[in-house]
Amino acid sequence: MKKKGETQKKKRAQKAFQDEVERIKKAPEYIGLSQEQKGITQVTANVRKELKKACPGVKFSVRKRHTSSVNISWTDGPKEDEIKAIIGKYKDGHFNSMEDIYEYCESPFNKVYGGVNYLFTKREYSDALTEKAIQEFNVKFGDRFENVNIERYKSGELWRVGFRDFWHGHGVEDEINRMRAQLTA
């Protein structure tokens with residue numbers, strides 16, 4: 001009796017999964033994405049399309065790395081968390097470090113639009129955005145530190161300046177980096 005209940009439960013779950021696959025294939029928010037099942041090539045193409053639509057004017061580099069990971073990089077523009085929210089659905093599992101294995105978790109979205117094991121994001125920063133963060137830093141802490149500017153930042157001099165004042169990092173440079181990561185351009 002128990003086995004029959006488990007079988008029925010499994011069949012219902014499979015039907016719900018397949019129903020969601022069919023719904024996602026026609027979902028208006030995914031119109032224009034490839035459903036061709038071309039592996040990592042499909043994922044990189046779909047990620048490019050989604051990012052272009054979500055962040056017009058920002059140039060993204062979307063490159064496959066090996067057979068199961070994609071690197072995404074850009075300069076300034078949206079924050080990393082915003083990009084991860086857009087592309088996170090392409091991950092088809094996660095790494096379980098306790099057991100040292102990758103655990104796959106097929107979703108209806110991955111079945112239709114593809115998935116990869118790893119998505120790496122890297123936001124680069126222009127001098128203009130760095131300068132903006134330095135200006136914000138000087139407004140907030142200018143009375144405590146002298147001569148905080150882009151030249152000293154780029155030379156690495158600010159790494160140890162104010163080390164004791166910023167317990168969470170490595171002085172002024174780390175605080176500027178933290179402030180810069182919160183800016184959008």
# chains A, B, ... in the order shown; residues from 1 in each chain; ligands from 1
call {"tool": "select_by_dssp", "arguments": {"residues": "segment 36-173 of chain A", "states": "helix (DSSP H, G or I)", "output": "PyMOL selection string"}}
result
chain A and resi 40-54+80-90+108-113+127-141+150-155+157-159+163-165+171-173
call {"tool": "residues_around", "arguments": {"residues": "segment 30-43 of chain A", "least_positions_apart": "2", "cutoff": "12 Å", "atoms": "only C-alpha atoms", "output": "ChimeraX atom specification"}}
result
/A:21-28,45-53,62-72,86-92,108-119
call {"tool": "atom_distance", "arguments": {"atom1": "atom CA of Glu82 of chain A", "atom2": "atom CA of Ile176 of chain A"}}
result
20.2 Å
call {"tool": "select_by_dssp", "arguments": {"residues": "chain A", "states": "strand (DSSP E or B)", "output": "number ranges by chain"}}
result
A: 60-65, 69-75, 91, 93-96, 101-104, 116, 118-124
call {"tool": "atom_distance", "arguments": {"atom1": "atom CA of Lys84 of chain A", "atom2": "atom CA of Glu124 of chain A"}}
result
15.0 Å
call {"tool": "residues_around", "arguments": {"residues": "segment 141-156 of chain A", "least_positions_apart": "4", "cutoff": "10 Å", "atoms": "only C-alpha atoms", "output": "list in words"}}
result
Asp127, Ala128, Thr130, Glu131, Lys132, Ala133, Ile134, Gln135, Glu136, Phe137, Arg160, Val161, Gly162, Asp165, Val172, Glu173, Ile176 and Asn177 of chain A
call {"tool": "write_last_selection", "arguments": {"atoms": "C-alpha atoms", "output": "PDB file, in the first residue's frame"}}
result
ATOM      1  CA  ASP A 127      38.613  55.119 -13.070  1.00  0.00           C
ATOM      2  CA  ALA A 128      35.504  57.316 -13.167  1.00  0.00           C
ATOM      3  CA  THR A 130      36.600  54.617  -8.573  1.00  0.00           C
ATOM      4  CA  GLU A 131      36.915  58.411  -8.441  1.00  0.00           C
ATOM      5  CA  LYS A 132      33.226  58.664  -7.508  1.00  0.00           C
ATOM      6  CA  ALA A 133      33.769  56.205  -4.632  1.00  0.00           C
ATOM      7  CA  ILE A 134      36.814  58.179  -3.459  1.00  0.00           C
ATOM      8  CA  GLN A 135      34.726  61.356  -3.460  1.00  0.00           C
ATOM      9  CA  GLU A 136      32.068  59.628  -1.343  1.00  0.00           C
ATOM     10  CA  PHE A 137      34.778  58.340   0.987  1.00  0.00           C
ATOM     11  CA  ARG A 160      47.472  50.107   5.044  1.00  0.00           C
ATOM     12  CA  VAL A 161      46.234  53.658   5.719  1.00  0.00           C
ATOM     13  CA  GLY A 162      43.642  53.600   8.461  1.00  0.00           C
ATOM     14  CA  ASP A 165      39.891  52.274  11.784  1.00  0.00           C
ATOM     15  CA  VAL A 172      41.060  52.962   3.326  1.00  0.00           C
ATOM     16  CA  GLU A 173      41.504  51.005   0.082  1.00  0.00           C
ATOM     17  CA  ILE A 176      36.742  52.524  -1.023  1.00  0.00           C
ATOM     18  CA  ASN A 177      36.353  49.130  -2.747  1.00  0.00           C
TER      19      ASN A 177
END
